[in-house]
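Presented below is the structure to which this report refers.
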2 protein chains.
Amino acid sequence: MKKQKPIVLISNDDGIESDGIKALWKEIKKFAEVYVVAPHTQQSAVGHSITISSPIRARKNLIDRDFYGYAVEGTPADSVKLAVRNLLKGKKIDLLISGINHGSNTAINTIYSGTVSAATEGTILGIPSIAMSLASFTYNDFSFAAKFSSKIAKHVLKNGLPKGTLLNVNIPPVPEKKIKGVLITRQGKSFWDDYYDSRLDPNNREYFWLTGKMAVMDETLEFDEIAVRNNYVSVTPIHYDLTDYEQLDILKSWNIKL
Amino acid sequence: MKKQKPIVLISNDDGIESDGIKALWKEIKKFAEVYVVAPHTQQSAVGHSITISSPIRARKNLIDRDFYGYAVEGTPADSVKLAVRNLLKGKKIDLLISGINHGSNTAINTIYSGTVSAATEGTILGIPSIAMSLASFTYNDFSFAAKFSSKIAKHVLKNGLPKGTLLNVNIPPVPEKKIKGVLITRQGKSFWDDYYDSRLDPNNREYFWLTGKMAVMDETLEFDEIAVRNNYVSVTPIHYDLTDYEQLDILKSWNIKL
């Protein structure tokens, strides 16, 4: 009996037309039955948004030659939810990969990330999920990131992931021969030292542009941000239980009354 | 020497015109110098979105009589960041309260919540922060929720919160005399058993509405969702370090190579 190919859903936050999604699809289709359902436009920094107050639409979108995906007029989490609940209903999806994002999703970026959000939504829906990012806005060569996606996808298909856990993977923006290895990391504490540039429009009304740079607060290779800066692939297990367990007893000692 | 009043920033995700923000402001101004900076419109389920690809604006908005807040054309996290980085620059903000949200932010809702997102952004910016929600879309009496906000605000002003920790507070939608007490809880595992209702528009094009109900997966009062359903005020300490520490060693044992 021929072994069935695994079913892999690909989504992202850069939009269905992005190079990262195409590079990922080309690698994953070598061993899997692939479906692509992704936002119709760029959705960076949308966090874990979901559309509840308005309807959403989806349309077929050519990815390459005779292969079509679905472009969803919504957020990354909308795309994954609509794929699983409706567009691919009845199919047993074995794995979700979100990406390959063009830009880093380490440290504080993890919580703003639409790429991570799509993988989180997959996890909530019971699908083992991976968020893949190439840690640069300018480096354009997705070839190693795609190859590594295929490798880690196979690890996850073999080992599974515990309910509620997903992987956040960041690839250094350098050629393959410069990459030093793979590190299992924790989310860094680096954050944005940002500010708003205040300007006046031609009608003398003020508007604000957000800008700034990453304040690197981490020092050792155990943190995602530092691992990637030192040319290691960073793999961080994350979850969406935000409870700060260490604080439970401290808060109880406050003895808050009605 | 007269003791200075604490400075409290209020934001939300229901928009600056909401009843919850007004009820909160009326209580907190009894003991604090209050600033209100909130989205100009309803922003529910935006998650931790931040606007980076377009500029944002802010305008003064009358809250009551001669008291003005700022309405921000952006998300809850945008509002808090713009308040701290620009509009209130130079002021030492002692506390941020996000709310009072009209609707529950327990269990899985925590990660979709704009209310929690505003408080998370405050925490990232180094401000002790509280997310306040009244756990019903229909119950309209914010009086107890506002009174309790004032009480827990004083606890936080007195005890502080550790760097990186915020409080997610949910108030049962019942009159004060029915409330049984205050419980320190963890984020529940309940999630949305949701689906998309597919419809055709007048031009025969398909569109999808998200709908569904909460699948209650928790059983004991140690979980936020169950505490609130049993008429306890739920106080959950949360953080934004998403690392799933229990999985670090397991992943290392996978021995992932380049």
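By order in the structure tokens, chains are A, B, ...; within a chain, residues start at 1; ligands start at 1, following the order shown.
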
Once chain B has been least-squares superposed onto chain A, matching all their Cα atoms in order, can you return it as a PDB file with C-alpha atoms, in the first residue's frame?
ATOM      1  CA  MET B   1      -0.041   0.046  -0.046  1.00  0.00           C
ATOM      2  CA  LYS B   2       1.353   3.413  -1.015  1.00  0.00           C
ATOM      3  CA  LYS B   3       1.963   5.632   1.985  1.00  0.00           C
ATOM      4  CA  GLN B   4      -0.177   8.774   1.814  1.00  0.00           C
ATOM      5  CA  LYS B   5       1.523  12.124   1.565  1.00  0.00           C
ATOM      6  CA  PRO B   6       1.090  14.395   4.584  1.00  0.00           C
ATOM      7  CA  ILE B   7      -1.261  17.349   4.122  1.00  0.00           C
ATOM      8  CA  VAL B   8       0.398  20.724   4.792  1.00  0.00           C
ATOM      9  CA  LEU B   9      -1.367  24.098   4.980  1.00  0.00           C
ATOM     10  CA  ILE B  10       0.776  27.149   4.220  1.00  0.00           C
ATOM     11  CA  SER B  11      -0.192  30.653   5.302  1.00  0.00           C
ATOM     12  CA  ASN B  12       1.683  33.864   6.123  1.00  0.00           C
ATOM     13  CA  ASP B  13       1.315  37.551   6.950  1.00  0.00           C
ATOM     14  CA  ASP B  14       3.207  39.061   4.017  1.00  0.00           C
ATOM     15  CA  GLY B  15       0.307  38.206   1.695  1.00  0.00           C
ATOM     16  CA  ILE B  16      -0.274  35.468  -0.860  1.00  0.00           C
ATOM     17  CA  GLU B  17       1.832  37.188  -3.537  1.00  0.00           C
ATOM     18  CA  SER B  18       4.999  37.205  -1.425  1.00  0.00           C
ATOM     19  CA  ASP B  19       8.233  35.515  -2.473  1.00  0.00           C
ATOM     20  CA  GLY B  20       8.492  33.751   0.900  1.00  0.00           C
ATOM     21  CA  ILE B  21       5.283  31.803   0.416  1.00  0.00           C
ATOM     22  CA  LYS B  22       6.297  30.682  -3.058  1.00  0.00           C
ATOM     23  CA  ALA B  23       9.760  29.552  -1.932  1.00  0.00           C
ATOM     24  CA  LEU B  24       8.181  27.582   0.919  1.00  0.00           C
ATOM     25  CA  TRP B  25       5.557  25.963  -1.301  1.00  0.00           C
ATOM     26  CA  LYS B  26       8.192  24.835  -3.816  1.00  0.00           C
ATOM     27  CA  GLU B  27      10.109  22.931  -1.135  1.00  0.00           C
ATOM     28  CA  ILE B  28       7.197  21.491   0.817  1.00  0.00           C
ATOM     29  CA  LYS B  29       5.367  20.169  -2.256  1.00  0.00           C
ATOM     30  CA  LYS B  30       8.304  17.810  -2.823  1.00  0.00           C
ATOM     31  CA  PHE B  31       6.970  15.540  -0.077  1.00  0.00           C
ATOM     32  CA  ALA B  32       3.497  16.808   0.856  1.00  0.00           C
ATOM     33  CA  GLU B  33       0.064  17.661  -0.492  1.00  0.00           C
ATOM     34  CA  VAL B  34       0.106  21.441  -0.046  1.00  0.00           C
ATOM     35  CA  TYR B  35      -2.689  24.016   0.302  1.00  0.00           C
ATOM     36  CA  VAL B  36      -2.015  27.736   0.418  1.00  0.00           C
ATOM     37  CA  VAL B  37      -4.504  30.037   2.170  1.00  0.00           C
ATOM     38  CA  ALA B  38      -3.120  33.467   3.016  1.00  0.00           C
ATOM     39  CA  PRO B  39      -4.119  37.117   3.337  1.00  0.00           C
ATOM     40  CA  HIS B  40      -4.617  38.930   0.018  1.00  0.00           C
ATOM     41  CA  THR B  41      -2.348  41.775   1.139  1.00  0.00           C
ATOM     42  CA  GLN B  42       0.573  42.440   3.472  1.00  0.00           C
ATOM     43  CA  GLN B  43      -0.547  42.187   7.125  1.00  0.00           C
ATOM     44  CA  SER B  44       2.605  42.753   9.172  1.00  0.00           C
ATOM     45  CA  ALA B  45       2.315  43.630  12.882  1.00  0.00           C
ATOM     46  CA  VAL B  46      -1.365  42.728  13.054  1.00  0.00           C
ATOM     47  CA  GLY B  47      -0.804  40.601  16.157  1.00  0.00           C
ATOM     48  CA  HIS B  48      -3.468  38.009  16.844  1.00  0.00           C
ATOM     49  CA  SER B  49      -6.288  39.947  15.131  1.00  0.00           C
ATOM     50  CA  ILE B  50      -9.417  38.190  14.027  1.00  0.00           C
ATOM     51  CA  THR B  51     -12.292  39.685  12.040  1.00  0.00           C
ATOM     52  CA  ILE B  52     -15.597  39.386  13.884  1.00  0.00           C
ATOM     53  CA  SER B  53     -17.519  42.568  13.097  1.00  0.00           C
ATOM     54  CA  SER B  54     -17.515  42.308   9.323  1.00  0.00           C
ATOM     55  CA  PRO B  55     -17.748  39.439   6.832  1.00  0.00           C
ATOM     56  CA  ILE B  56     -14.671  38.179   4.989  1.00  0.00           C
ATOM     57  CA  ARG B  57     -14.225  36.869   1.466  1.00  0.00           C
ATOM     58  CA  ALA B  58     -11.830  34.467  -0.218  1.00  0.00           C
ATOM     59  CA  ARG B  59     -10.881  34.079  -3.880  1.00  0.00           C
ATOM     60  CA  LYS B  60      -8.702  31.669  -5.823  1.00  0.00           C
ATOM     61  CA  ASN B  61      -5.271  33.075  -6.488  1.00  0.00           C
ATOM     62  CA  LEU B  62      -2.682  31.681  -8.910  1.00  0.00           C
ATOM     63  CA  ILE B  63       0.530  30.736  -7.113  1.00  0.00           C
ATOM     64  CA  ASP B  64       2.420  29.183 -10.031  1.00  0.00           C
ATOM     65  CA  ARG B  65       1.461  27.632 -13.398  1.00  0.00           C
ATOM     66  CA  ASP B  66      -1.598  25.516 -12.589  1.00  0.00           C
ATOM     67  CA  PHE B  67      -1.420  25.738  -8.797  1.00  0.00           C
ATOM     68  CA  TYR B  68      -3.944  27.937  -7.012  1.00  0.00           C
ATOM     69  CA  GLY B  69      -4.216  29.074  -3.413  1.00  0.00           C
ATOM     70  CA  TYR B  70      -6.903  31.087  -1.650  1.00  0.00           C
ATOM     71  CA  ALA B  71      -6.419  34.798  -0.993  1.00  0.00           C
ATOM     72  CA  VAL B  72      -8.421  35.825   2.076  1.00  0.00           C
ATOM     73  CA  GLU B  73      -9.552  39.423   2.636  1.00  0.00           C
ATOM     74  CA  GLY B  74      -8.571  39.295   6.282  1.00  0.00           C
ATOM     75  CA  THR B  75      -5.788  38.767   8.776  1.00  0.00           C
ATOM     76  CA  PRO B  76      -3.381  35.815   9.061  1.00  0.00           C
ATOM     77  CA  ALA B  77      -5.504  34.279  11.856  1.00  0.00           C
ATOM     78  CA  ASP B  78      -8.645  34.767   9.705  1.00  0.00           C
ATOM     79  CA  SER B  79      -6.938  32.940   6.823  1.00  0.00           C
ATOM     80  CA  VAL B  80      -6.037  29.930   8.945  1.00  0.00           C
ATOM     81  CA  LYS B  81      -9.421  29.760  10.659  1.00  0.00           C
ATOM     82  CA  LEU B  82     -11.322  30.054   7.363  1.00  0.00           C
ATOM     83  CA  ALA B  83      -9.056  27.415   5.768  1.00  0.00           C
ATOM     84  CA  VAL B  84      -9.552  24.908   8.572  1.00  0.00           C
ATOM     85  CA  ARG B  85     -13.204  25.579   9.371  1.00  0.00           C
ATOM     86  CA  ASN B  86     -14.467  25.989   5.827  1.00  0.00           C
ATOM     87  CA  LEU B  87     -12.255  25.995   2.700  1.00  0.00           C
ATOM     88  CA  LEU B  88     -10.429  22.730   3.529  1.00  0.00           C
ATOM     89  CA  LYS B  89     -13.159  21.253   5.713  1.00  0.00           C
ATOM     90  CA  GLY B  90     -12.998  17.453   5.834  1.00  0.00           C
ATOM     91  CA  LYS B  91      -9.250  17.294   5.127  1.00  0.00           C
ATOM     92  CA  LYS B  92      -7.003  16.169   7.960  1.00  0.00           C
ATOM     93  CA  ILE B  93      -4.288  18.814   7.983  1.00  0.00           C
ATOM     94  CA  ASP B  94      -1.079  17.298   9.400  1.00  0.00           C
ATOM     95  CA  LEU B  95       0.949  20.494   9.639  1.00  0.00           C
ATOM     96  CA  LEU B  96       0.660  24.248   9.240  1.00  0.00           C
ATOM     97  CA  ILE B  97       3.631  26.387   8.231  1.00  0.00           C
ATOM     98  CA  SER B  98       3.318  30.173   8.388  1.00  0.00           C
ATOM     99  CA  GLY B  99       5.860  32.055   6.292  1.00  0.00           C
ATOM    100  CA  ILE B 100       8.478  32.395   5.178  1.00  0.00           C
ATOM    101  CA  ASN B 101       8.204  35.866   6.687  1.00  0.00           C
ATOM    102  CA  HIS B 102      10.443  38.607   5.337  1.00  0.00           C
ATOM    103  CA  GLY B 103      11.756  40.000   8.623  1.00  0.00           C
ATOM    104  CA  SER B 104      12.706  38.760  12.070  1.00  0.00           C
ATOM    105  CA  ASN B 105      10.144  37.497  14.582  1.00  0.00           C
ATOM    106  CA  THR B 106      12.330  37.259  17.661  1.00  0.00           C
ATOM    107  CA  ALA B 107      12.060  38.799  21.150  1.00  0.00           C
ATOM    108  CA  ILE B 108       9.227  41.354  21.487  1.00  0.00           C
ATOM    109  CA  ASN B 109       8.393  41.002  17.765  1.00  0.00           C
ATOM    110  CA  THR B 110       6.918  37.603  18.613  1.00  0.00           C
ATOM    111  CA  ILE B 111       3.845  39.242  20.130  1.00  0.00           C
ATOM    112  CA  TYR B 112       3.292  41.750  17.280  1.00  0.00           C
ATOM    113  CA  SER B 113       3.844  39.118  14.603  1.00  0.00           C
ATOM    114  CA  GLY B 114       1.160  38.121  12.123  1.00  0.00           C
ATOM    115  CA  THR B 115       3.351  35.177  11.085  1.00  0.00           C
ATOM    116  CA  VAL B 116       3.332  33.827  14.638  1.00  0.00           C
ATOM    117  CA  SER B 117      -0.388  34.635  14.897  1.00  0.00           C
ATOM    118  CA  ALA B 118      -1.238  32.378  11.915  1.00  0.00           C
ATOM    119  CA  ALA B 119       0.736  29.535  13.509  1.00  0.00           C
ATOM    120  CA  THR B 120      -0.921  30.219  16.882  1.00  0.00           C
ATOM    121  CA  GLU B 121      -4.372  29.982  15.286  1.00  0.00           C
ATOM    122  CA  GLY B 122      -3.346  26.650  13.732  1.00  0.00           C
ATOM    123  CA  THR B 123      -2.288  25.436  17.179  1.00  0.00           C
ATOM    124  CA  ILE B 124      -5.583  26.561  18.738  1.00  0.00           C
ATOM    125  CA  LEU B 125      -7.357  24.553  16.023  1.00  0.00           C
ATOM    126  CA  GLY B 126      -5.333  21.455  16.953  1.00  0.00           C
ATOM    127  CA  ILE B 127      -2.819  21.478  14.083  1.00  0.00           C
ATOM    128  CA  PRO B 128       0.949  21.159  14.746  1.00  0.00           C
ATOM    129  CA  SER B 129       2.235  24.537  13.573  1.00  0.00           C
ATOM    130  CA  ILE B 130       5.491  26.300  12.732  1.00  0.00           C
ATOM    131  CA  ALA B 131       6.176  30.033  12.216  1.00  0.00           C
ATOM    132  CA  MET B 132       9.110  30.562   9.796  1.00  0.00           C
ATOM    133  CA  SER B 133      10.923  33.875   9.414  1.00  0.00           C
ATOM    134  CA  LEU B 134      13.978  35.066   7.523  1.00  0.00           C
ATOM    135  CA  ALA B 135      15.475  37.623   9.886  1.00  0.00           C
ATOM    136  CA  SER B 136      15.927  40.545   7.486  1.00  0.00           C
ATOM    137  CA  PHE B 137      13.756  42.960   5.518  1.00  0.00           C
ATOM    138  CA  THR B 138      16.384  43.306   2.806  1.00  0.00           C
ATOM    139  CA  TYR B 139      18.081  39.906   2.344  1.00  0.00           C
ATOM    140  CA  ASN B 140      16.108  38.232  -0.463  1.00  0.00           C
ATOM    141  CA  ASP B 141      17.486  34.715  -0.731  1.00  0.00           C
ATOM    142  CA  PHE B 142      14.880  32.349   0.728  1.00  0.00           C
ATOM    143  CA  SER B 143      16.643  29.190  -0.499  1.00  0.00           C
ATOM    144  CA  PHE B 144      18.209  28.025   2.778  1.00  0.00           C
ATOM    145  CA  ALA B 145      15.169  29.102   4.810  1.00  0.00           C
ATOM    146  CA  ALA B 146      12.943  27.005   2.522  1.00  0.00           C
ATOM    147  CA  LYS B 147      15.267  24.010   2.725  1.00  0.00           C
ATOM    148  CA  PHE B 148      15.384  24.227   6.519  1.00  0.00           C
ATOM    149  CA  SER B 149      11.567  24.583   6.632  1.00  0.00           C
ATOM    150  CA  SER B 150      11.327  21.269   4.871  1.00  0.00           C
ATOM    151  CA  LYS B 151      13.723  19.696   7.377  1.00  0.00           C
ATOM    152  CA  ILE B 152      11.953  20.953  10.494  1.00  0.00           C
ATOM    153  CA  ALA B 153       8.552  20.122   8.966  1.00  0.00           C
ATOM    154  CA  LYS B 154       9.675  16.492   8.750  1.00  0.00           C
ATOM    155  CA  HIS B 155      10.835  16.565  12.387  1.00  0.00           C
ATOM    156  CA  VAL B 156       7.404  17.847  13.481  1.00  0.00           C
ATOM    157  CA  LEU B 157       5.534  15.355  11.274  1.00  0.00           C
ATOM    158  CA  LYS B 158       7.600  12.569  12.862  1.00  0.00           C
ATOM    159  CA  ASN B 159       7.597  13.706  16.537  1.00  0.00           C
ATOM    160  CA  GLY B 160       4.404  15.744  16.748  1.00  0.00           C
ATOM    161  CA  LEU B 161       4.045  18.718  19.079  1.00  0.00           C
ATOM    162  CA  PRO B 162       2.264  18.795  22.434  1.00  0.00           C
ATOM    163  CA  LYS B 163      -1.240  20.304  22.380  1.00  0.00           C
ATOM    164  CA  GLY B 164      -0.858  24.066  22.734  1.00  0.00           C
ATOM    165  CA  THR B 165       2.811  24.316  21.707  1.00  0.00           C
ATOM    166  CA  LEU B 166       4.111  25.754  18.420  1.00  0.00           C
ATOM    167  CA  LEU B 167       7.572  26.443  17.036  1.00  0.00           C
ATOM    168  CA  ASN B 168       8.861  29.913  16.222  1.00  0.00           C
ATOM    169  CA  VAL B 169      11.798  29.564  13.824  1.00  0.00           C
ATOM    170  CA  ASN B 170      14.107  32.394  12.719  1.00  0.00           C
ATOM    171  CA  ILE B 171      16.726  32.009   9.997  1.00  0.00           C
ATOM    172  CA  PRO B 172      19.836  34.239   9.870  1.00  0.00           C
ATOM    173  CA  PRO B 173      19.980  36.327   6.684  1.00  0.00           C
ATOM    174  CA  VAL B 174      23.263  34.887   5.388  1.00  0.00           C
ATOM    175  CA  PRO B 175      24.295  32.271   2.821  1.00  0.00           C
ATOM    176  CA  GLU B 176      24.012  28.648   3.980  1.00  0.00           C
ATOM    177  CA  LYS B 177      27.752  28.151   4.382  1.00  0.00           C
ATOM    178  CA  LYS B 178      27.906  30.916   7.013  1.00  0.00           C
ATOM    179  CA  ILE B 179      25.230  29.338   9.232  1.00  0.00           C
ATOM    180  CA  LYS B 180      26.788  27.803  12.335  1.00  0.00           C
ATOM    181  CA  GLY B 181      24.063  25.456  13.553  1.00  0.00           C
ATOM    182  CA  VAL B 182      20.632  25.166  15.147  1.00  0.00           C
ATOM    183  CA  LEU B 183      19.861  26.382  18.681  1.00  0.00           C
ATOM    184  CA  ILE B 184      16.767  25.762  20.793  1.00  0.00           C
ATOM    185  CA  THR B 185      16.156  29.176  22.348  1.00  0.00           C
ATOM    186  CA  ARG B 186      13.844  31.220  24.540  1.00  0.00           C
ATOM    187  CA  GLN B 187      12.041  34.439  23.583  1.00  0.00           C
ATOM    188  CA  GLY B 188      14.426  37.335  24.094  1.00  0.00           C
ATOM    189  CA  LYS B 189      13.812  40.432  26.175  1.00  0.00           C
ATOM    190  CA  SER B 190      14.927  42.861  23.473  1.00  0.00           C
ATOM    191  CA  PHE B 191      12.287  45.484  22.661  1.00  0.00           C
ATOM    192  CA  TRP B 192      11.731  48.480  20.395  1.00  0.00           C
ATOM    193  CA  ASP B 193      13.260  51.736  21.500  1.00  0.00           C
ATOM    194  CA  ASP B 194      10.740  53.562  19.348  1.00  0.00           C
ATOM    195  CA  TYR B 195       9.173  56.979  19.029  1.00  0.00           C
ATOM    196  CA  TYR B 196       6.721  58.841  16.807  1.00  0.00           C
ATOM    197  CA  ASP B 197       8.064  61.237  14.231  1.00  0.00           C
ATOM    198  CA  SER B 198       5.553  64.108  14.257  1.00  0.00           C
ATOM    199  CA  ARG B 199       4.904  65.802  10.893  1.00  0.00           C
ATOM    200  CA  LEU B 200       2.448  68.291   9.414  1.00  0.00           C
ATOM    201  CA  ASP B 201       0.380  67.400   6.363  1.00  0.00           C
ATOM    202  CA  PRO B 202      -0.091  69.982   3.540  1.00  0.00           C
ATOM    203  CA  ASN B 203      -3.146  71.278   5.434  1.00  0.00           C
ATOM    204  CA  ASN B 204      -1.137  71.813   8.633  1.00  0.00           C
ATOM    205  CA  ARG B 205      -2.678  68.888  10.487  1.00  0.00           C
ATOM    206  CA  GLU B 206      -0.308  66.800  12.614  1.00  0.00           C
ATOM    207  CA  TYR B 207       0.321  63.111  11.921  1.00  0.00           C
ATOM    208  CA  PHE B 208       2.680  60.563  13.465  1.00  0.00           C
ATOM    209  CA  TRP B 209       4.995  57.920  11.989  1.00  0.00           C
ATOM    210  CA  LEU B 210       6.290  55.159  14.243  1.00  0.00           C
ATOM    211  CA  THR B 211      10.009  54.555  13.968  1.00  0.00           C
ATOM    212  CA  GLY B 212      12.837  53.265  16.116  1.00  0.00           C
ATOM    213  CA  LYS B 213      15.391  50.541  16.552  1.00  0.00           C
ATOM    214  CA  MET B 214      15.676  47.292  18.489  1.00  0.00           C
ATOM    215  CA  ALA B 215      17.151  47.743  21.973  1.00  0.00           C
ATOM    216  CA  VAL B 216      19.081  44.502  22.403  1.00  0.00           C
ATOM    217  CA  MET B 217      18.659  43.438  26.031  1.00  0.00           C
ATOM    218  CA  ASP B 218      19.808  39.830  25.712  1.00  0.00           C
ATOM    219  CA  GLU B 219      23.392  38.657  25.885  1.00  0.00           C
ATOM    220  CA  THR B 220      23.692  34.899  25.550  1.00  0.00           C
ATOM    221  CA  LEU B 221      22.923  32.425  22.799  1.00  0.00           C
ATOM    222  CA  GLU B 222      20.053  30.994  24.830  1.00  0.00           C
ATOM    223  CA  PHE B 223      17.912  33.898  23.511  1.00  0.00           C
ATOM    224  CA  ASP B 224      16.391  33.923  19.993  1.00  0.00           C
ATOM    225  CA  GLU B 225      17.614  37.420  19.070  1.00  0.00           C
ATOM    226  CA  ILE B 226      21.244  36.694  19.989  1.00  0.00           C
ATOM    227  CA  ALA B 227      21.259  33.262  18.360  1.00  0.00           C
ATOM    228  CA  VAL B 228      20.147  34.760  15.020  1.00  0.00           C
ATOM    229  CA  ARG B 229      22.582  37.685  15.263  1.00  0.00           C
ATOM    230  CA  ASN B 230      25.339  35.102  15.652  1.00  0.00           C
ATOM    231  CA  ASN B 231      24.231  33.180  12.559  1.00  0.00           C
ATOM    232  CA  TYR B 232      22.479  30.298  14.300  1.00  0.00           C
ATOM    233  CA  VAL B 233      19.039  29.107  13.273  1.00  0.00           C
ATOM    234  CA  SER B 234      16.788  29.826  16.284  1.00  0.00           C
ATOM    235  CA  VAL B 235      13.957  27.424  17.203  1.00  0.00           C
ATOM    236  CA  THR B 236      11.762  28.621  20.105  1.00  0.00           C
ATOM    237  CA  PRO B 237       8.902  26.547  21.535  1.00  0.00           C
ATOM    238  CA  ILE B 238       6.082  28.960  22.395  1.00  0.00           C
ATOM    239  CA  HIS B 239       2.533  28.665  23.713  1.00  0.00           C
ATOM    240  CA  TYR B 240      -0.484  30.910  24.248  1.00  0.00           C
ATOM    241  CA  ASP B 241      -1.037  30.304  27.947  1.00  0.00           C
ATOM    242  CA  LEU B 242      -0.057  33.799  29.101  1.00  0.00           C
ATOM    243  CA  THR B 243      -0.439  32.989  32.821  1.00  0.00           C
ATOM    244  CA  ASP B 244       2.568  34.197  34.812  1.00  0.00           C
ATOM    245  CA  TYR B 245       2.612  31.223  37.192  1.00  0.00           C
ATOM    246  CA  GLU B 246       5.373  32.658  39.366  1.00  0.00           C
ATOM    247  CA  GLN B 247       3.081  35.523  40.375  1.00  0.00           C
ATOM    248  CA  LEU B 248       0.048  33.481  41.466  1.00  0.00           C
ATOM    249  CA  ASP B 249       1.150  33.071  45.087  1.00  0.00           C
ATOM    250  CA  ILE B 250       2.454  36.624  45.361  1.00  0.00           C
ATOM    251  CA  LEU B 251      -0.904  37.992  44.203  1.00  0.00           C
ATOM    252  CA  LYS B 252      -2.762  35.738  46.641  1.00  0.00           C
ATOM    253  CA  SER B 253      -0.711  37.328  49.427  1.00  0.00           C
ATOM    254  CA  TRP B 254      -2.114  40.763  48.466  1.00  0.00           C
ATOM    255  CA  ASN B 255      -5.401  39.533  49.912  1.00  0.00           C
ATOM    256  CA  ILE B 256      -7.595  41.565  47.553  1.00  0.00           C
ATOM    257  CA  LYS B 257     -11.139  41.919  48.871  1.00  0.00           C
ATOM    258  CA  LEU B 258     -14.382  43.042  47.246  1.00  0.00           C
TER     259      LEU B 258
END

Write down as a PDB file with C-alpha atoms, in the first residue's frame the residues of segment 21-233 of chain A whose backbone DSSP state falls under alpha helix (DSSP H).
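So the final result, stored in result_19.pdb, reads:
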ATOM      1  CA  ILE A  21       5.277  31.801   0.407  1.00  0.00           C
ATOM      2  CA  LYS A  22       6.292  30.677  -3.071  1.00  0.00           C
ATOM      3  CA  ALA A  23       9.773  29.543  -1.945  1.00  0.00           C
ATOM      4  CA  LEU A  24       8.186  27.580   0.911  1.00  0.00           C
ATOM      5  CA  TRP A  25       5.547  25.959  -1.317  1.00  0.00           C
ATOM      6  CA  LYS A  26       8.176  24.817  -3.831  1.00  0.00           C
ATOM      7  CA  GLU A  27      10.096  22.926  -1.134  1.00  0.00           C
ATOM      8  CA  ILE A  28       7.189  21.482   0.821  1.00  0.00           C
ATOM      9  CA  PRO A  76      -3.368  35.817   9.042  1.00  0.00           C
ATOM     10  CA  ALA A  77      -5.492  34.285  11.841  1.00  0.00           C
ATOM     11  CA  ASP A  78      -8.641  34.775   9.694  1.00  0.00           C
ATOM     12  CA  SER A  79      -6.927  32.952   6.810  1.00  0.00           C
ATOM     13  CA  VAL A  80      -6.031  29.939   8.929  1.00  0.00           C
ATOM     14  CA  LYS A  81      -9.406  29.766  10.647  1.00  0.00           C
ATOM     15  CA  LEU A  82     -11.309  30.058   7.351  1.00  0.00           C
ATOM     16  CA  ASN A 109       8.393  40.999  17.771  1.00  0.00           C
ATOM     17  CA  THR A 110       6.924  37.604  18.629  1.00  0.00           C
ATOM     18  CA  ILE A 111       3.845  39.253  20.138  1.00  0.00           C
ATOM     19  CA  TYR A 112       3.288  41.749  17.283  1.00  0.00           C
ATOM     20  CA  GLY A 114       1.178  38.128  12.125  1.00  0.00           C
ATOM     21  CA  THR A 115       3.357  35.185  11.078  1.00  0.00           C
ATOM     22  CA  VAL A 116       3.334  33.825  14.628  1.00  0.00           C
ATOM     23  CA  SER A 117      -0.377  34.635  14.891  1.00  0.00           C
ATOM     24  CA  ALA A 118      -1.229  32.386  11.918  1.00  0.00           C
ATOM     25  CA  ALA A 119       0.740  29.532  13.512  1.00  0.00           C
ATOM     26  CA  THR A 120      -0.908  30.227  16.881  1.00  0.00           C
ATOM     27  CA  GLU A 121      -4.357  29.991  15.280  1.00  0.00           C
ATOM     28  CA  GLY A 122      -3.339  26.653  13.741  1.00  0.00           C
ATOM     29  CA  THR A 123      -2.278  25.440  17.187  1.00  0.00           C
ATOM     30  CA  ILE A 124      -5.565  26.565  18.736  1.00  0.00           C
ATOM     31  CA  SER A 143      16.632  29.170  -0.498  1.00  0.00           C
ATOM     32  CA  PHE A 144      18.200  28.009   2.783  1.00  0.00           C
ATOM     33  CA  ALA A 145      15.150  29.102   4.809  1.00  0.00           C
ATOM     34  CA  ALA A 146      12.940  26.995   2.510  1.00  0.00           C
ATOM     35  CA  LYS A 147      15.258  24.004   2.732  1.00  0.00           C
ATOM     36  CA  PHE A 148      15.375  24.227   6.525  1.00  0.00           C
ATOM     37  CA  SER A 149      11.556  24.590   6.625  1.00  0.00           C
ATOM     38  CA  SER A 150      11.320  21.270   4.874  1.00  0.00           C
ATOM     39  CA  LYS A 151      13.706  19.697   7.383  1.00  0.00           C
ATOM     40  CA  ILE A 152      11.945  20.957  10.489  1.00  0.00           C
ATOM     41  CA  ALA A 153       8.551  20.134   8.960  1.00  0.00           C
ATOM     42  CA  LYS A 154       9.658  16.504   8.747  1.00  0.00           C
ATOM     43  CA  HIS A 155      10.823  16.563  12.381  1.00  0.00           C
ATOM     44  CA  VAL A 156       7.407  17.853  13.475  1.00  0.00           C
ATOM     45  CA  LEU A 157       5.525  15.367  11.270  1.00  0.00           C
ATOM     46  CA  LYS A 158       7.571  12.571  12.875  1.00  0.00           C
ATOM     47  CA  ASN A 159       7.598  13.692  16.534  1.00  0.00           C
ATOM     48  CA  ASP A 224      16.415  33.930  19.988  1.00  0.00           C
ATOM     49  CA  GLU A 225      17.628  37.419  19.062  1.00  0.00           C
ATOM     50  CA  ILE A 226      21.256  36.699  19.980  1.00  0.00           C
ATOM     51  CA  ALA A 227      21.264  33.265  18.343  1.00  0.00           C
ATOM     52  CA  VAL A 228      20.155  34.759  15.008  1.00  0.00           C
ATOM     53  CA  ARG A 229      22.588  37.697  15.243  1.00  0.00           C
TER      54      ARG A 229
END

So which residues of segment 59-248 of chain A fall under strand (DSSP E) by DSSP, listed as a PyMOL selection string?
chain A and resi 59-64+67-72+95-102+129-134+165-171+181-184+191-200+206-215+232-239
